[in-house]
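Below is one structure; the comments refer to it alone.
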Amino acid sequence: MDVQPPKWADRFLELFCKGYLLEEIQGDLYEHLQKNYEKRGRLISALMYWFQVLNFLRPFAIKKSQNSNITIMFKYNFLIAIRNLKKQRFYSVINISGLAIAIACCLIIAIFVKDELNYDKHFENHKNIYRISSHMLFNGNEFRMAQSPAPMKDAFKSDLPEIIESGRFRTHVPILLQKGDYFVKQENVAFADASILNIFKLQFIHGGGENTLDNPESLLLSRSASEKYFGFENPVGQSIKSSDGTLYQIDGVYEDLPHQTHFHFDVLLSMEGYEHSKNTVWLSNNYSNYFLLKDGADYQEVNEKLPEILKTYVGPRLQEMAQISIEDFEASGNFLKYKLIPMTDIHLHSNLGAEIEANGSMDNIYLFSAVGLFILLLACINFMNLATAKSAGRAKEVGMRKVMGSRKRFLIAQFLTESTVISLISFALAIVLVYLTLPYFNAFTGKNIVDPLFGVLNLWPYVLISSLVIGLLAGIYPAFFLSRFQPIAVLKGNLSTGMKSGKLRNLLVIFQFSISIIMIMATAVVYKQLRYSQNKRLGYNTEQVMIVDNTYTLGEGLEAFRNELLNDSEIENATASFFLPTRGGRSDYPFNREENSGAEHAISAQVWQVDDRYIPTLGMEVVSGRNFDDSRAIDTASVVINQSMAKRLGYEDPIGKKLKRVSEENKITIIGVVEDFYFDSFKQKIMPLVFFLNSDANYSMAIRYKSDDPLELVAKVENLWQEHAPGQPFEYSFMDQEYRAKLEEERRLGTIFSFFSSLAIVIACLGLFALASFTAEQRRKEIGIRKVLGATVGNVVSMLFSSFSKLLTIAILVSVPLGYYLMGKWLEEFVYRTEIGIGLIIGSCALVFLIAWITVSAQSFQAARSNPADNLNHE
């Protein structure tokens with residue numbers, strides 16, 4: 001042979017003779033050849049020499065098993081992947097950091113989604129437990145509620161053989177229970193049938209045997225409630241006193257319910273002690289009725305039987321109360337429907353009135369899943385963009401491998417290994433980020449997840465599989481793209497640099513920024529709706545109103561307490577009522593004009609019991625007539641209505657006109673009309689409302705003050721409270737804070753969109769920065785020539801940004817109509833809503849353009865300010 005072998009030939013001969021396949025030494029061979037033969041002529045001479053050597057030795061090579069060969073192949077692919085990551089540190093950091101952020105985001109969303117999907121599945125009989133929901137249309141007023149009538153429990157169990165057990169909850173306002181010498185406010189209280197324990201099978205720590213909750217004055221405590229009052233001792237058999245003097249016997253202590261439960265009662269009072277539960281009224285819906293069906297029973301078949309059963313029970317009552325048959329009731333367009341829904345569907349698929357707790361939403365699951373997927377796609381697009389953009393830099397590697405006999409599938413395996421290594425490293429960093437941010441996630445969502453990977457959620461198998469799948473998906477296009485290069489064209493230097501600006505990469509950049517623009521538009525719309533809700537005139541004034549709870553414990557001393565408050569010059573007015581606009585206390589009843597009778601003409605309206613100070617204290621405006629006057633006896637038979645009720649009645653001037661309740665002949669006189677005010681979500685239309693004068697409805701007291709120091713006011717009111725109610729807990733809040741809490745859903749949604757929008761922009765800009773850097777590197781010669789010919793820094797920066805600005809313009813044209821449509825659909829959920837203005841659209845697009853310009857300029861300025869002599873010398 002006339003070509004002398006290199007010094008490192010012996011090492012390759014040794015490896016080859018040990019049985020390594022030709023493809024398995026290509027990595028090392030390529031590294032050494034590239035290092036020692038950078039000039040094309042010497043490189044080809046060396047390749048020719050090695051073809052002769054390897055062809056001579058191939059028949060004598062000792063082949064290992066196929067499994068061993070595959071293992072060795074993966075080993076060398078892995079080592080080569082690590083070497084390439086080290087060589088391209090800048091692009092490796094861009095890829096890994098962008099992918100790690102996106103994966104961390106997806107993992108957080110996956111934690112949230114799986115936790116939401118697991119609601120109520122911890123109960124032993126969760127597949128067979130159902131709750132009744134009600135749907136009513138009554139003279140134009142539609143109600144969808146999670147509650148149903150009291151007698152339904154026994155009637156359905158008796159008439160439906162599929163039901164083996166039935167039970168009810170009836171939520172109770174917070175009560176005061178004695179702890180030592182003081183009474184403590186206890187939240188999360190409900191009445192419960194003893195049979196409810198057979199349905200849910202609560203885990204008892206103490207007690208809970210036969211006859212539990214049979215005693216009318218018995219109760220059950222959760223673990224946390226038991227420790228609150230009795231420490232760690234067993235309280236079963238002991239008694240606890242409420243503020244009204246009732247002495248309750250403790251029948252048992254049950255384990256705290258997991259947060260993945262649609263109810264969290266800490267005290268269960270015996271339903272036997274609640275007289276209202278024994279009523280037989282089928283037109284009053286106040287109870288959460290649950291049913292346990294037999295194994296294999298089809299709840300849809302049960303639902304089909306309900307209309308006929310309801311005719312048996314509801315028909316006679318409807319005839320008695322409203323003098324109308326159920327057939328005529330339905331013929332007039334009204335209806336009353338009940339249906340069973342699986343308990344496991346309640347949290348995500350039931351958002352009805354009178355839910356025990358606020359539920360989640362399946363729409364949010366879809367929304368967050370889509371956002372997580374988009375964020376991950378943005379990071380994968382970055383990877384594909386950079387891999388294809390740098391394809392020319394790796395073309396010689398591919399060409400030499402193919403000349404040496406490497407097959408396409410081995411090249412694909414090599415590039416997929418590299419992308420999988422990047423994915424694994426990114427997942428490792430993402431897991432660290434998830435555990436660091438988990439406390440903030442729990443605080444934001446109200447959850448209590450400690451170990452999402454190996455704990456209850458057990459996400460680690462999904463994480464492991466996802467890391468491999470994402471690595472393969474992110475690398476599959478670059479792998480096929482790079483492996484198809486023709487070796488002759490590559491080694492001759494005929495590879496066109498045009499592939500660096502391929503159509504696919506441009507489409508991916510457009511997709512990235514389209515998603516970013518849509519996310520920014522969504523954030524802007526959510527916050528605009530939130531500002532609309534905060535600034536819109538509510539019909540009452542939430543500012544400088546303090547609410548004191550538990551005023552019913554004052555009894556006859558309530559008026560003395562209020563009078564002493566009003567003696568303070570800092571206090572303008574005070575009203576006591578159970579019904580406040582910022583709270584959930586609600587009650588409705590059908591009314592008729594005095595000349596009408598029967599349900600076909602009835603108007604269902606909210607009925608609130610208030611005193612004569614209610615309207616002025618809350619700053620409501622009487623638009624017609626007058627307010628109540630406690631000194632006028634006639635006002636006890638009078639009402640004040642809101643504008644919506646006045647419109648429904650159809651009177652041109654309702655003052656002096658009379659109403660009557662359906663099924664009653666007693667007439668009540670309208671003495672005033674107040675401006676409509678919001679007492680529900682902006683997603684719901686303001687309902688008709690009727691105020692009755694009743695000074696005994698005094699659960700809470702709203703106090704309007706003019707003090708500039710609310711803390712000083714709180715201290716004054718608390719001192720006065722202790723004088724009138726010694727030993728009773730002092731509970732207070734501020735109405736403006738309660739109103740803002742009602743907007744928490746929109747505020748949380750805005751925060752989530754802001755976070756994800758920021759992530760989308762960061763990830764998109766990481767890719768854009770890397771592409772701008774690579775573009776500047778590839779156009780160094782052009783930049784040098786332009787500067788020699790007199791181009792300024794601004795000219796060069798504009799030139800480099802122009803190609804990206806075209807892509808951003810296309811992204812805007814694509815994303816704006818889509819974003820407008822999607823957020824328009826979201827706003828349709830609100831009866832009272834803002835509008836998507838042109839300013840919002842222009843602002844969103846301008847923000848993306850500005851961020852992209854800054855990103856590209858950061859790299860372009862550096863290239864534009866470089867010495868042209870260095871650029872030309874480099875080329």
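Following the order of the structure tokens, first chain is A, next is B, and so on, with residues numbered from 1 inside each chain and ligands from 1 in the order they appear.
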Thr617 (chain A) environment, 9 Å, only C-alpha atoms, sequence neighbours closer than 6 positions dropped, as a compact mmCIF listing (two decimals) with N, CA and C atoms, in the first residue's frame:
# COMPACT_ATOMS: atom_id res chain seq x y z
N ASN A 541 -72.71 49.98 47.16
CA ASN A 541 -71.36 50.46 47.41
C ASN A 541 -70.64 49.53 48.37
N VAL A 545 -67.41 49.28 54.10
CA VAL A 545 -68.47 48.52 54.76
C VAL A 545 -67.82 47.33 55.48
N GLU A 572 -71.62 55.56 60.06
CA GLU A 572 -72.76 56.23 59.43
C GLU A 572 -74.06 55.45 59.58
N ASN A 573 -74.01 54.13 59.43
CA ASN A 573 -75.23 53.34 59.48
C ASN A 573 -74.89 51.88 59.70
N ALA A 574 -75.88 51.07 60.06
CA ALA A 574 -75.66 49.65 60.30
C ALA A 574 -76.96 48.89 60.06
N THR A 575 -76.87 47.76 59.36
CA THR A 575 -78.04 46.94 59.08
C THR A 575 -77.74 45.48 59.39
N ALA A 702 -73.95 44.60 58.64
CA ALA A 702 -73.09 45.40 57.77
C ALA A 702 -73.03 46.81 58.33
N ILE A 703 -71.81 47.32 58.52
CA ILE A 703 -71.60 48.62 59.16
C ILE A 703 -70.89 49.54 58.17
N ARG A 704 -71.56 50.65 57.82
CA ARG A 704 -70.90 51.62 56.95
C ARG A 704 -70.19 52.65 57.80
Residue set, region 204-242 of chain A restricted to helix (DSSP H, G or I), as a count of residues only
8
Could you write out, as a ChimeraX atom specification, all the residues of region 234-471 of chain A that DSSP marks as strand (DSSP E or B)?
/A:239-242,247-254,267-270,287-293,335-342,353
Just to confirm, what's the straight-line distance from CA of Leu808 (chain A) to CA of Ile381 (chain A) in Å (one decimal)?
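These atoms are spaced 15.7 Å apart.
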Write out as CSV the residues of region 551-611 of chain A that have any atom within 8 Å of an atom of region 125-138 of chain A, one row each with the nearest atom pair and its distance in Å to one decimal, counting only C-alpha atoms, sorted by chain and then rising number.
residue,atom,partner,partner_atom,distance
A:Ala602,CA,A:Phe138,CA,7.8
A:Ile603,CA,A:Phe138,CA,7.6
A:Ser604,CA,A:Phe138,CA,7.1
Figure out the distance between CA of Leu459 (chain A) and CA of Thr420 (chain A), please, to one decimal in Å.
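Taking CA of Thr420 (chain A) as the start and CA of Leu459 (chain A) as the end point, the length is 19.6 Å.
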Would you mind listing what lies within 8 Å of region 427-440 of chain A as a list in words, with only C-alpha atoms counted and same-chain residues fewer than 6 positions away left out?
Ala100, Ile101, Ile103, Ala104, Leu107, Ile108, Ile449, Val450, Val463 and Ser467 of chain A
Tell me, as a PyMOL selection string, which residues lie within 9 Å of region 728-736 of chain A, counting only C-alpha atoms; anything in the same chain fewer than 6 positions away does not count.
chain A and resi 176+182-185+243+541-550+553+582+702+714+718+721-722
Those residues you just picked out, can you put them in a file as a PDB file, in the first residue's frame with N, CA, C and O atoms?
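The resulting selection10.pdb:
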ATOM      1  N   LEU A 176     -71.501  27.994  66.510  1.00  0.00           N
ATOM      2  CA  LEU A 176     -70.540  28.261  67.576  1.00  0.00           C
ATOM      3  C   LEU A 176     -70.552  27.094  68.551  1.00  0.00           C
ATOM      4  O   LEU A 176     -71.594  26.754  69.115  1.00  0.00           O
ATOM      5  N   TYR A 182     -64.847  29.469  76.102  1.00  0.00           N
ATOM      6  CA  TYR A 182     -65.220  30.307  74.965  1.00  0.00           C
ATOM      7  C   TYR A 182     -65.957  29.482  73.911  1.00  0.00           C
ATOM      8  O   TYR A 182     -65.884  28.245  73.892  1.00  0.00           O
ATOM      9  N   PHE A 183     -66.663  30.205  73.044  1.00  0.00           N
ATOM     10  CA  PHE A 183     -67.290  29.566  71.894  1.00  0.00           C
ATOM     11  C   PHE A 183     -66.446  29.860  70.659  1.00  0.00           C
ATOM     12  O   PHE A 183     -65.959  30.976  70.469  1.00  0.00           O
ATOM     13  N   VAL A 184     -66.309  28.854  69.820  1.00  0.00           N
ATOM     14  CA  VAL A 184     -65.478  28.951  68.626  1.00  0.00           C
ATOM     15  C   VAL A 184     -66.358  28.745  67.398  1.00  0.00           C
ATOM     16  O   VAL A 184     -67.221  27.854  67.371  1.00  0.00           O
ATOM     17  N   LYS A 185     -66.119  29.578  66.398  1.00  0.00           N
ATOM     18  CA  LYS A 185     -66.887  29.440  65.153  1.00  0.00           C
ATOM     19  C   LYS A 185     -66.443  28.196  64.397  1.00  0.00           C
ATOM     20  O   LYS A 185     -65.252  28.002  64.149  1.00  0.00           O
ATOM     21  N   SER A 243     -73.788  27.512  70.942  1.00  0.00           N
ATOM     22  CA  SER A 243     -74.111  28.816  71.523  1.00  0.00           C
ATOM     23  C   SER A 243     -75.599  28.966  71.820  1.00  0.00           C
ATOM     24  O   SER A 243     -75.981  29.812  72.633  1.00  0.00           O
ATOM     25  N   ASN A 541     -72.710  49.976  47.161  1.00  0.00           N
ATOM     26  CA  ASN A 541     -71.355  50.464  47.409  1.00  0.00           C
ATOM     27  C   ASN A 541     -70.638  49.531  48.370  1.00  0.00           C
ATOM     28  O   ASN A 541     -71.038  49.371  49.529  1.00  0.00           O
ATOM     29  N   THR A 542     -69.580  48.872  47.876  1.00  0.00           N
ATOM     30  CA  THR A 542     -68.839  47.927  48.721  1.00  0.00           C
ATOM     31  C   THR A 542     -67.770  48.603  49.567  1.00  0.00           C
ATOM     32  O   THR A 542     -67.230  47.982  50.491  1.00  0.00           O
ATOM     33  N   GLU A 543     -67.437  49.851  49.246  1.00  0.00           N
ATOM     34  CA  GLU A 543     -66.342  50.522  49.944  1.00  0.00           C
ATOM     35  C   GLU A 543     -66.773  50.934  51.355  1.00  0.00           C
ATOM     36  O   GLU A 543     -67.895  51.373  51.578  1.00  0.00           O
ATOM     37  N   GLN A 544     -65.853  50.778  52.292  1.00  0.00           N
ATOM     38  CA  GLN A 544     -66.011  51.196  53.679  1.00  0.00           C
ATOM     39  C   GLN A 544     -67.266  50.591  54.317  1.00  0.00           C
ATOM     40  O   GLN A 544     -68.062  51.256  54.958  1.00  0.00           O
ATOM     41  N   VAL A 545     -67.408  49.282  54.101  1.00  0.00           N
ATOM     42  CA  VAL A 545     -68.466  48.516  54.760  1.00  0.00           C
ATOM     43  C   VAL A 545     -67.819  47.333  55.476  1.00  0.00           C
ATOM     44  O   VAL A 545     -67.184  46.491  54.847  1.00  0.00           O
ATOM     45  N   MET A 546     -67.968  47.305  56.786  1.00  0.00           N
ATOM     46  CA  MET A 546     -67.449  46.218  57.610  1.00  0.00           C
ATOM     47  C   MET A 546     -68.604  45.279  57.962  1.00  0.00           C
ATOM     48  O   MET A 546     -69.710  45.727  58.273  1.00  0.00           O
ATOM     49  N   ILE A 547     -68.367  43.973  57.880  1.00  0.00           N
ATOM     50  CA  ILE A 547     -69.401  42.985  58.180  1.00  0.00           C
ATOM     51  C   ILE A 547     -69.020  42.229  59.449  1.00  0.00           C
ATOM     52  O   ILE A 547     -67.914  41.661  59.529  1.00  0.00           O
ATOM     53  N   VAL A 548     -69.898  42.223  60.434  1.00  0.00           N
ATOM     54  CA  VAL A 548     -69.689  41.477  61.682  1.00  0.00           C
ATOM     55  C   VAL A 548     -70.626  40.276  61.656  1.00  0.00           C
ATOM     56  O   VAL A 548     -71.846  40.430  61.502  1.00  0.00           O
ATOM     57  N   ASP A 549     -70.069  39.072  61.800  1.00  0.00           N
ATOM     58  CA  ASP A 549     -70.867  37.850  61.745  1.00  0.00           C
ATOM     59  C   ASP A 549     -71.369  37.449  63.132  1.00  0.00           C
ATOM     60  O   ASP A 549     -70.939  37.981  64.160  1.00  0.00           O
ATOM     61  N   ASN A 550     -72.278  36.479  63.114  1.00  0.00           N
ATOM     62  CA  ASN A 550     -72.806  35.858  64.345  1.00  0.00           C
ATOM     63  C   ASN A 550     -73.591  36.830  65.219  1.00  0.00           C
ATOM     64  O   ASN A 550     -73.710  36.635  66.428  1.00  0.00           O
ATOM     65  N   THR A 553     -76.317  35.841  67.866  1.00  0.00           N
ATOM     66  CA  THR A 553     -76.038  35.437  69.256  1.00  0.00           C
ATOM     67  C   THR A 553     -76.338  36.563  70.236  1.00  0.00           C
ATOM     68  O   THR A 553     -76.439  36.314  71.441  1.00  0.00           O
ATOM     69  N   THR A 582     -72.826  40.148  48.562  1.00  0.00           N
ATOM     70  CA  THR A 582     -71.538  39.486  48.333  1.00  0.00           C
ATOM     71  C   THR A 582     -71.498  38.072  48.880  1.00  0.00           C
ATOM     72  O   THR A 582     -70.460  37.407  48.812  1.00  0.00           O
ATOM     73  N   ALA A 702     -73.950  44.599  58.637  1.00  0.00           N
ATOM     74  CA  ALA A 702     -73.091  45.404  57.766  1.00  0.00           C
ATOM     75  C   ALA A 702     -73.026  46.809  58.331  1.00  0.00           C
ATOM     76  O   ALA A 702     -74.066  47.429  58.595  1.00  0.00           O
ATOM     77  N   VAL A 714     -61.983  48.450  63.701  1.00  0.00           N
ATOM     78  CA  VAL A 714     -62.129  47.054  64.111  1.00  0.00           C
ATOM     79  C   VAL A 714     -61.936  46.920  65.613  1.00  0.00           C
ATOM     80  O   VAL A 714     -62.693  46.207  66.300  1.00  0.00           O
ATOM     81  N   GLU A 718     -64.777  45.579  68.133  1.00  0.00           N
ATOM     82  CA  GLU A 718     -64.485  44.369  68.907  1.00  0.00           C
ATOM     83  C   GLU A 718     -64.664  44.617  70.400  1.00  0.00           C
ATOM     84  O   GLU A 718     -65.211  43.766  71.124  1.00  0.00           O
ATOM     85  N   TRP A 721     -68.229  44.634  71.073  1.00  0.00           N
ATOM     86  CA  TRP A 721     -68.746  43.255  70.968  1.00  0.00           C
ATOM     87  C   TRP A 721     -68.499  42.489  72.261  1.00  0.00           C
ATOM     88  O   TRP A 721     -69.393  41.758  72.747  1.00  0.00           O
ATOM     89  N   GLN A 722     -67.315  42.608  72.808  1.00  0.00           N
ATOM     90  CA  GLN A 722     -66.992  41.880  74.032  1.00  0.00           C
ATOM     91  C   GLN A 722     -67.869  42.327  75.202  1.00  0.00           C
ATOM     92  O   GLN A 722     -68.151  41.539  76.114  1.00  0.00           O
TER      93      GLN A 722
END
Do you know which residues are at most 8 Å from region 357-361 of chain A counting only C-alpha atoms, after dropping those on the same chain fewer than 5 positions away, and could you put them as a list in words?
Glu116, His262, Phe263, Ile346, His347, Leu348, His349, Ser350 and Asn351 of chain A
Please, what distance in Å, to one decimal, runs between CA of Leu558 (chain A) and CA of Ala725 (chain A)?
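Going from CA of Leu558 (chain A) over to CA of Ala725 (chain A) covers 9.8 Å.
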Have a look at A:Phe454, A:Tyr614, A:Tyr678, A:Tyr338 and name the one nearest to Phe143 (chain A); count only C-alpha atoms.
A:Tyr338
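Of the residues under consideration (A:Arg223, A:Lys339, A:Ile375, A:Gly672), A:Ile375 shows the shortest atom-to-atom contact distance to Cys106 (chain A) when counting only C-alpha atoms.
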Just checking: using only C-alpha atoms, which residue out of A:Gly824, A:Gly819, A:Gly231, A:Gly208 ends up closest to Gly180 (chain A)?
A:Gly231
